[in-house]
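Participant: Handing over input-v1.cif, mmCIF, C-alpha atoms.
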data_protein
#
loop_
_atom_site.label_atom_id
_atom_site.label_comp_id
_atom_site.auth_asym_id
_atom_site.auth_seq_id
_atom_site.Cartn_x
_atom_site.Cartn_y
_atom_site.Cartn_z
CA ALA H 9 -238.94 74.48 -26.41
CA LEU H 10 -237.18 73.89 -29.75
CA ASN H 11 -236.31 70.35 -28.70
CA LEU H 12 -239.94 69.38 -28.15
CA ASP H 13 -241.47 67.07 -30.72
CA GLN H 14 -244.32 68.96 -32.41
CA ALA H 15 -246.46 65.85 -32.58
CA GLU H 16 -245.90 65.08 -28.93
CA THR H 17 -248.29 66.64 -26.44
CA ASP H 18 -246.52 65.59 -23.29
CA ALA H 19 -247.78 68.03 -20.66
CA GLU H 20 -244.80 67.33 -18.44
CA LYS H 21 -242.30 68.34 -21.13
CA ASN H 22 -244.35 71.43 -21.94
CA GLN H 23 -244.43 72.39 -18.27
CA GLU H 24 -240.69 71.84 -18.01
CA ALA H 25 -240.07 74.10 -21.01
CA MET H 26 -242.30 76.80 -19.52
CA GLU H 27 -240.44 76.60 -16.21
CA THR H 28 -237.14 77.01 -18.03
CA VAL H 29 -238.45 80.11 -19.82
CA PHE H 30 -239.75 81.48 -16.52
CA ALA H 31 -236.38 80.87 -14.84
CA ALA H 32 -234.61 82.67 -17.67
CA ARG H 33 -236.99 85.64 -17.33
CA LYS H 34 -236.29 85.79 -13.60
CA ILE H 35 -232.54 85.88 -14.26
CA ILE H 36 -232.97 88.66 -16.84
CA ALA H 37 -235.13 90.64 -14.40
CA GLN H 38 -232.52 90.25 -11.68
CA VAL H 39 -229.71 91.38 -14.00
CA ARG H 40 -231.80 94.39 -15.03
CA LYS H 41 -232.44 95.24 -11.39
CA GLU H 42 -228.76 94.94 -10.48
CA ASN H 43 -227.72 97.09 -13.46
CA HIS H 44 -230.66 99.49 -13.48
CA LYS H 45 -228.52 102.64 -13.30
CA GLN H 46 -226.17 101.52 -16.09
CA ILE H 47 -229.10 100.53 -18.32
CA ARG H 48 -230.68 103.95 -17.83
CA GLU H 49 -227.38 105.64 -18.66
CA ILE H 50 -227.07 103.60 -21.85
CA GLU H 51 -230.65 104.48 -22.86
CA LEU H 52 -230.04 108.18 -22.19
CA ASN H 53 -226.69 108.19 -24.01
CA LYS H 54 -228.34 106.55 -27.01
CA ILE H 55 -230.90 109.35 -27.45
CA VAL H 56 -228.32 112.07 -26.67
CA ASP H 57 -225.92 110.65 -29.28
CA LEU H 58 -228.73 110.47 -31.82
CA PHE H 59 -229.67 114.07 -31.14
CA ASN H 60 -226.10 115.35 -31.28
CA GLU H 61 -225.05 113.40 -34.36
CA CYS H 62 -228.20 113.57 -36.48
CA VAL H 63 -230.90 115.87 -35.15
CA ARG H 64 -229.30 118.92 -33.54
CA GLN H 65 -228.59 120.42 -36.97
CA TYR H 66 -232.35 120.58 -37.65
CA ALA H 67 -233.37 121.86 -34.23
CA LYS H 68 -234.37 125.42 -33.45
CA PRO H 69 -232.27 127.10 -30.74
CA THR H 70 -235.16 126.83 -28.28
CA GLU H 71 -235.48 123.11 -29.05
CA GLU H 72 -231.76 122.58 -28.46
CA LYS H 73 -231.95 124.39 -25.14
CA SER H 74 -235.04 122.45 -24.10
CA PHE H 75 -233.48 119.12 -25.08
CA ASP H 76 -230.23 119.86 -23.23
CA SER H 77 -232.15 120.94 -20.14
CA LEU H 78 -234.22 117.76 -20.17
CA VAL H 79 -231.03 115.68 -20.52
CA LYS H 80 -229.71 117.28 -17.32
CA THR H 81 -233.00 116.52 -15.59
CA ALA H 82 -232.84 112.90 -16.77
CA ARG H 83 -229.23 112.56 -15.59
CA ASN H 84 -230.23 113.87 -12.17
CA SER H 85 -233.10 111.40 -12.15
CA ILE H 86 -230.62 108.56 -12.76
CA GLU H 87 -228.34 109.75 -9.97
CA ARG H 88 -231.22 109.98 -7.51
CA SER H 89 -232.78 106.70 -8.71
CA GLU H 90 -236.06 108.49 -9.29
CA ARG H 91 -238.97 106.77 -10.96
CA ASP H 92 -239.63 109.58 -13.42
CA PHE H 93 -236.66 108.72 -15.65
CA GLU H 94 -238.81 106.80 -18.13
CA GLY H 95 -241.03 109.86 -18.54
CA HIS H 96 -238.00 112.04 -19.22
CA LEU H 97 -236.72 109.54 -21.77
CA LYS H 98 -240.11 109.48 -23.46
CA ASP H 99 -240.10 113.30 -23.59
CA LEU H 100 -236.62 113.31 -25.15
CA ASN H 101 -237.73 110.85 -27.81
CA ALA H 102 -240.78 113.00 -28.51
CA LYS H 103 -238.61 116.09 -28.95
CA VAL H 104 -236.39 114.25 -31.42
CA LEU H 105 -239.40 113.00 -33.33
CA ASP H 106 -241.00 116.45 -33.45
CA ILE H 107 -237.85 117.86 -35.02
CA LEU H 108 -237.44 115.03 -37.51
CA TRP H 109 -241.12 115.03 -38.46
CA ARG H 110 -240.59 118.50 -39.98
CA GLN H 111 -237.93 117.06 -42.29
CA ASP H 112 -239.26 115.91 -45.65
CA TRP H 113 -236.58 113.24 -46.06
CA PHE H 114 -237.56 111.67 -42.72
CA VAL H 115 -241.23 111.41 -43.70
CA ILE H 116 -240.29 109.91 -47.07
CA ASP H 117 -237.91 107.39 -45.47
CA LYS H 118 -240.54 106.41 -42.92
CA PHE H 119 -243.14 105.93 -45.66
CA LYS H 120 -240.75 103.75 -47.68
CA TYR H 121 -240.02 101.65 -44.62
CA LEU H 122 -243.73 101.16 -43.94
CA ILE H 123 -244.64 100.11 -47.47
CA ASN H 124 -241.78 97.60 -47.40
CA THR H 125 -243.42 95.84 -44.44
CA PRO H 126 -246.83 94.85 -45.89
CA HIS H 127 -246.99 91.82 -43.58
CA ARG H 128 -247.55 94.23 -40.67
CA PHE H 129 -250.96 95.28 -42.06
CA VAL H 130 -254.14 93.24 -41.81
CA ASP H 131 -256.27 95.37 -44.12
CA LYS H 132 -254.41 94.72 -47.37
CA ARG H 133 -256.84 96.77 -49.48
CA LEU H 134 -256.45 99.90 -47.31
CA PHE H 135 -252.70 99.35 -47.11
CA GLU H 136 -252.51 99.22 -50.91
CA GLU H 137 -254.66 102.35 -51.28
CA LEU H 138 -252.54 104.30 -48.82
CA SER H 139 -249.32 103.03 -50.41
CA GLN H 140 -250.41 104.14 -53.87
CA ALA H 141 -251.56 107.53 -52.58
CA GLY H 142 -248.25 107.98 -50.77
CA LEU H 143 -246.24 107.11 -53.87
CA GLU H 144 -248.26 109.67 -55.81
CA TYR H 145 -247.58 112.32 -53.15
CA ILE H 146 -243.86 111.58 -53.37
CA ARG H 147 -244.03 111.85 -57.17
CA THR H 148 -245.81 115.23 -56.94
CA ASP H 149 -243.61 116.42 -54.05
CA ASN H 150 -246.57 116.82 -51.67
CA VAL H 151 -244.91 115.86 -48.39
CA ASP H 152 -247.64 117.42 -46.24
CA LYS H 153 -250.15 114.94 -47.68
CA LEU H 154 -247.55 112.18 -47.34
CA ARG H 155 -247.33 112.95 -43.61
CA GLU H 156 -251.05 112.21 -43.37
CA ILE H 157 -250.54 108.90 -45.20
CA VAL H 158 -247.70 107.89 -42.87
CA TYR H 159 -249.85 108.70 -39.86
CA ARG H 160 -252.76 106.64 -41.25
CA LEU H 161 -250.45 103.72 -42.03
CA LEU H 162 -249.14 103.80 -38.47
CA GLN H 163 -252.71 103.72 -37.15
CA ILE H 164 -253.60 100.53 -39.04
CA ARG H 165 -250.32 98.72 -38.51
CA LEU H 166 -250.12 95.63 -36.30
CA ASN H 167 -248.07 95.77 -33.10
CA GLY H 168 -248.08 99.49 -32.85
CA GLY H 169 -250.07 102.59 -33.40
CA ALA H 170 -249.41 106.24 -34.04
CA GLU H 171 -247.67 106.48 -30.68
CA GLU H 172 -245.12 103.84 -31.65
CA ASN H 173 -241.54 105.02 -31.68
CA LEU H 174 -241.11 106.34 -35.19
CA LEU H 175 -237.36 106.52 -34.84
CA ASP H 176 -236.54 102.83 -34.62
CA PRO H 177 -236.48 101.54 -38.20
CA THR H 178 -235.71 104.76 -40.03
CA ASN H 179 -232.29 105.60 -41.31
CA ILE H 180 -231.85 109.08 -39.90
CA ILE H 181 -228.17 109.36 -40.61
CA ARG H 182 -227.91 111.51 -43.70
CA GLY H 183 -224.72 111.67 -45.71
#
What's the C-alpha cells form of this structure?

Facilitator:
Amino acid sequence: ALNLDQAETDAEKNQEAMETVFAARKIIAQVRKENHKQIREIELNKIVDLFNECVRQYAKPTEEKSFDSLVKTARNSIERSERDFEGHLKDLNAKVLDILWRQDWFVIDKFKYLINTPHRFVDKRLFEELSQAGLEYIRTDNVDKLREIVYRLLQIRLNGGAEENLLDPTNIIRG
C-alpha cells in the first residue's frame, strides 16, 4: 500500500494491495489459532504479574483471595480450551482496576495522561473545561472530584469509552 502512487487510482493495484493485506490477516489468524493456548497463557501471566508486582500491596485480603481464585479458574479454562477464558481475563482486569481506582496516585496519573492526549477529544471546549477543573481538583487535593472528571473525560474520548481498559497507558509501577 505504501508503494502506491497517491495520484494514481489504478483499481487493479488497489485490489492487489487489499489482497495482500487480506492474505497477511489470514496468516496472522492462523498463527493465533495454532498458538491459542500460549497466547492465553501470556495474557494471563501479564495480568498476574501486574497484580503481584504492583497491585497486591493495595488489595484487601478478600480481593487477593478472589483474584487468586479467579486466576486458578482462568488457568483451568486454558487447560480445557474453554471459551470462557476471555470473560475470566476481563474479570481479572476489572478487579485490578477496582483496586487501583481507590488509589489517589492512580487517578492523578490517569488524569495527566488524558490531558496530554487532547487529539483524542472532539469537543475541545468541553475537554478544556474538564482539564481545568481537574487541575484545580489536583491543586486543592480533591481526588474524589478528580475521579468524576477522569470518568467524564473517558466518556467523551474518541476510540474508547468509560469501559476502555484504564490500565494500558498509566504508569502503575510506583517507586

Participant: Please expand the PyMOL selection byres ((chain H and resi 155) around 10) into the concrete residues it hits in this file, giving the result as a compact mmCIF listing (two decimals) with C-alpha atoms, keeping the file's coordinate frame.

Facilitator:
# COMPACT_ATOMS: atom_id res chain seq x y z
CA TRP H 109 -241.12 115.03 -38.46
CA ARG H 110 -240.59 118.50 -39.98
CA ASP H 112 -239.26 115.91 -45.65
CA PHE H 114 -237.56 111.67 -42.72
CA VAL H 115 -241.23 111.41 -43.70
CA ILE H 116 -240.29 109.91 -47.07
CA LYS H 118 -240.54 106.41 -42.92
CA PHE H 119 -243.14 105.93 -45.66
CA GLY H 142 -248.25 107.98 -50.77
CA TYR H 145 -247.58 112.32 -53.15
CA ASN H 150 -246.57 116.82 -51.67
CA VAL H 151 -244.91 115.86 -48.39
CA ASP H 152 -247.64 117.42 -46.24
CA LYS H 153 -250.15 114.94 -47.68
CA LEU H 154 -247.55 112.18 -47.34
CA GLU H 156 -251.05 112.21 -43.37
CA ILE H 157 -250.54 108.90 -45.20
CA VAL H 158 -247.70 107.89 -42.87
CA TYR H 159 -249.85 108.70 -39.86
CA ARG H 160 -252.76 106.64 -41.25
CA LEU H 161 -250.45 103.72 -42.03

Participant: May I ask which of the residues H:Asp76, H:Asp131, H:Glu136, H:Glu144 is the closest one to Gln163 in chain H, counting only C-alpha atoms?

Facilitator: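 Using only C-alpha atoms, the shortest distance to Gln163 in chain H belongs to H:Asp131.
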
Participant: In Å, with one decimal, what is the gap from CA of Pro126 in chain H to CA of Cys62 in chain H?

Facilitator: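 Between these atoms lies a distance of 28.0 Å.
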
Participant: Of the candidates H:Asn101, H:Thr148, H:Gln111, H:Asn167, which shows the shortest atom-to-atom distance to Glu51 in chain H, using all atoms listed in the file?

Facilitator: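 Counting all atoms listed in the file, the residue closest to Glu51 in chain H is H:Asn101.
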
Participant: How would you write, as a list in words, the residues chosen by the PyMOL selection byres ((chain H and resi 71) around 12) on this structure?

Facilitator: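 Evaluating the PyMOL selection byres ((chain H and resi 71) around 12) on these coordinates yields Phe59, Val63, Arg64, Gln65, Tyr66, Ala67, Lys68, Pro69, Thr70, Glu72, Lys73, Ser74, Phe75, Asp76, Ser77, Leu78, Leu100, Ala102, Lys103, Val104, Leu105, Asp106, Ile107 and Leu108 of chain H.
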
Participant: Select, from H:Ile55, H:Leu166, H:Ala31, H:Ile123, the residue with the minimum atom-to-atom distance to His96 in chain H, counting all atoms listed in the file.

Facilitator: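 When distances to His96 in chain H are compared using all atoms listed in the file, the smallest one comes from H:Ile55.
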
Participant: Between CA of Ser139 in chain H and CA of Asn124 in chain H, what is the distance in Å, rounded to a tenth?

Facilitator: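 We find that CA of Ser139 in chain H and CA of Asn124 in chain H lie 9.8 Å from each other.
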
Participant: In Å, with one decimal, what is the gap from CA of Ala82 in chain H to CA of Val56 in chain H?

Facilitator: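 It comes out at 10.9 Å.
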
Participant: Go through H:Leu122, H:Asn53, H:Lys34, H:Arg128 one by one, measure the shortest atom-to-atom distance of each to Arg165 in chain H using all atoms listed in the file, and give the residue with the smallest value.

Facilitator: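 For Arg165 in chain H, the nearest of the given residues is H:Arg128.
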
Participant: Leaving out Lys45 in chain H and any residue of its chain fewer than 3 positions from it, which residues lie within 7 Å of it when counting only C-alpha atoms, given as a list of chain:residue names?

Facilitator: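 In the requested format, the answer is H:Arg48, H:Glu49, H:Ile86.
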
Participant: Restricting the calculation to all atoms listed in the file: of H:Glu27, H:Gly95, H:Ile164, H:Ala32, which residue gets closest to Arg133 in chain H?

Facilitator: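 The shortest atom-to-atom distance to Arg133 in chain H comes from H:Ile164.
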
Participant: Could you work out an axis-aligned bounding box for all listed atoms of range 63-79 of chain H, with 4 Å added on each of the six sides, and give its centre and edge lengths in Å to one decimal, as lines of an AutoDock Vina configuration file?

Facilitator:
center_x = -232.0
center_y = 121.4
center_z = -28.9
size_x = 14.9
size_y = 19.4
size_z = 25.5

Participant: Rebuild N, CA and C atoms on range 57-88 of chain H, as a compact mmCIF listing (two decimals), in the coordinates of the input?

Facilitator:
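And here is the file that came out, result-v9.txt:
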# COMPACT_ATOMS: atom_id res chain seq x y z
N ASP H 57 -226.79 110.83 -28.11
CA ASP H 57 -225.92 110.65 -29.28
C ASP H 57 -226.70 110.85 -30.58
N LEU H 58 -227.89 110.30 -30.65
CA LEU H 58 -228.73 110.47 -31.82
C LEU H 58 -229.01 111.95 -32.07
N PHE H 59 -229.38 112.65 -31.00
CA PHE H 59 -229.67 114.07 -31.14
C PHE H 59 -228.44 114.84 -31.60
N ASN H 60 -227.31 114.60 -30.95
CA ASN H 60 -226.10 115.35 -31.28
C ASN H 60 -225.57 115.05 -32.68
N GLU H 61 -225.63 113.80 -33.08
CA GLU H 61 -225.05 113.40 -34.36
C GLU H 61 -225.97 113.64 -35.55
N CYS H 62 -227.29 113.57 -35.34
CA CYS H 62 -228.20 113.57 -36.48
C CYS H 62 -229.30 114.63 -36.44
N VAL H 63 -229.69 115.06 -35.27
CA VAL H 63 -230.90 115.87 -35.15
C VAL H 63 -230.61 117.32 -34.80
N ARG H 64 -229.59 117.57 -34.02
CA ARG H 64 -229.30 118.92 -33.54
C ARG H 64 -229.25 119.93 -34.69
N GLN H 65 -228.71 119.52 -35.81
CA GLN H 65 -228.59 120.42 -36.97
C GLN H 65 -229.93 120.92 -37.49
N TYR H 66 -231.02 120.20 -37.19
CA TYR H 66 -232.35 120.58 -37.65
C TYR H 66 -233.16 121.30 -36.56
N ALA H 67 -232.63 121.31 -35.36
CA ALA H 67 -233.37 121.86 -34.23
C ALA H 67 -233.28 123.38 -34.19
N LYS H 68 -234.37 123.99 -33.71
CA LYS H 68 -234.37 125.42 -33.45
C LYS H 68 -233.59 125.65 -32.16
N PRO H 69 -233.03 126.84 -31.97
CA PRO H 69 -232.27 127.10 -30.74
C PRO H 69 -233.07 126.81 -29.46
N THR H 70 -234.34 127.12 -29.46
CA THR H 70 -235.16 126.83 -28.28
C THR H 70 -235.32 125.33 -28.07
N GLU H 71 -235.37 124.57 -29.16
CA GLU H 71 -235.48 123.11 -29.05
C GLU H 71 -234.18 122.51 -28.51
N GLU H 72 -233.04 123.05 -28.97
CA GLU H 72 -231.76 122.58 -28.46
C GLU H 72 -231.65 122.82 -26.96
N LYS H 73 -232.01 124.02 -26.55
CA LYS H 73 -231.95 124.39 -25.14
C LYS H 73 -232.87 123.49 -24.31
N SER H 74 -234.07 123.28 -24.80
CA SER H 74 -235.04 122.45 -24.10
C SER H 74 -234.55 121.00 -23.99
N PHE H 75 -233.99 120.48 -25.07
CA PHE H 75 -233.48 119.12 -25.08
C PHE H 75 -232.34 118.99 -24.07
N ASP H 76 -231.38 119.92 -24.13
CA ASP H 76 -230.23 119.86 -23.23
C ASP H 76 -230.66 119.97 -21.77
N SER H 77 -231.64 120.79 -21.50
CA SER H 77 -232.15 120.94 -20.14
C SER H 77 -232.80 119.64 -19.66
N LEU H 78 -233.56 119.02 -20.53
CA LEU H 78 -234.22 117.76 -20.17
C LEU H 78 -233.20 116.64 -19.97
N VAL H 79 -232.10 116.67 -20.72
CA VAL H 79 -231.03 115.68 -20.52
C VAL H 79 -230.46 115.82 -19.11
N LYS H 80 -230.22 117.06 -18.69
CA LYS H 80 -229.71 117.28 -17.32
C LYS H 80 -230.69 116.75 -16.28
N THR H 81 -231.97 117.01 -16.50
CA THR H 81 -233.00 116.52 -15.59
C THR H 81 -232.99 115.00 -15.54
N ALA H 82 -232.87 114.37 -16.71
CA ALA H 82 -232.84 112.90 -16.77
C ALA H 82 -231.60 112.35 -16.07
N ARG H 83 -230.46 113.00 -16.27
CA ARG H 83 -229.23 112.56 -15.59
C ARG H 83 -229.39 112.65 -14.07
N ASN H 84 -229.97 113.74 -13.61
CA ASN H 84 -230.23 113.87 -12.17
C ASN H 84 -231.17 112.79 -11.69
N SER H 85 -232.15 112.44 -12.49
CA SER H 85 -233.10 111.40 -12.15
C SER H 85 -232.38 110.06 -11.99
N ILE H 86 -231.41 109.81 -12.85
CA ILE H 86 -230.62 108.56 -12.76
C ILE H 86 -229.83 108.57 -11.45
N GLU H 87 -229.17 109.67 -11.17
CA GLU H 87 -228.34 109.75 -9.97
C GLU H 87 -229.15 109.56 -8.69
N ARG H 88 -230.37 110.07 -8.70
CA ARG H 88 -231.22 109.98 -7.51
C ARG H 88 -232.10 108.74 -7.52
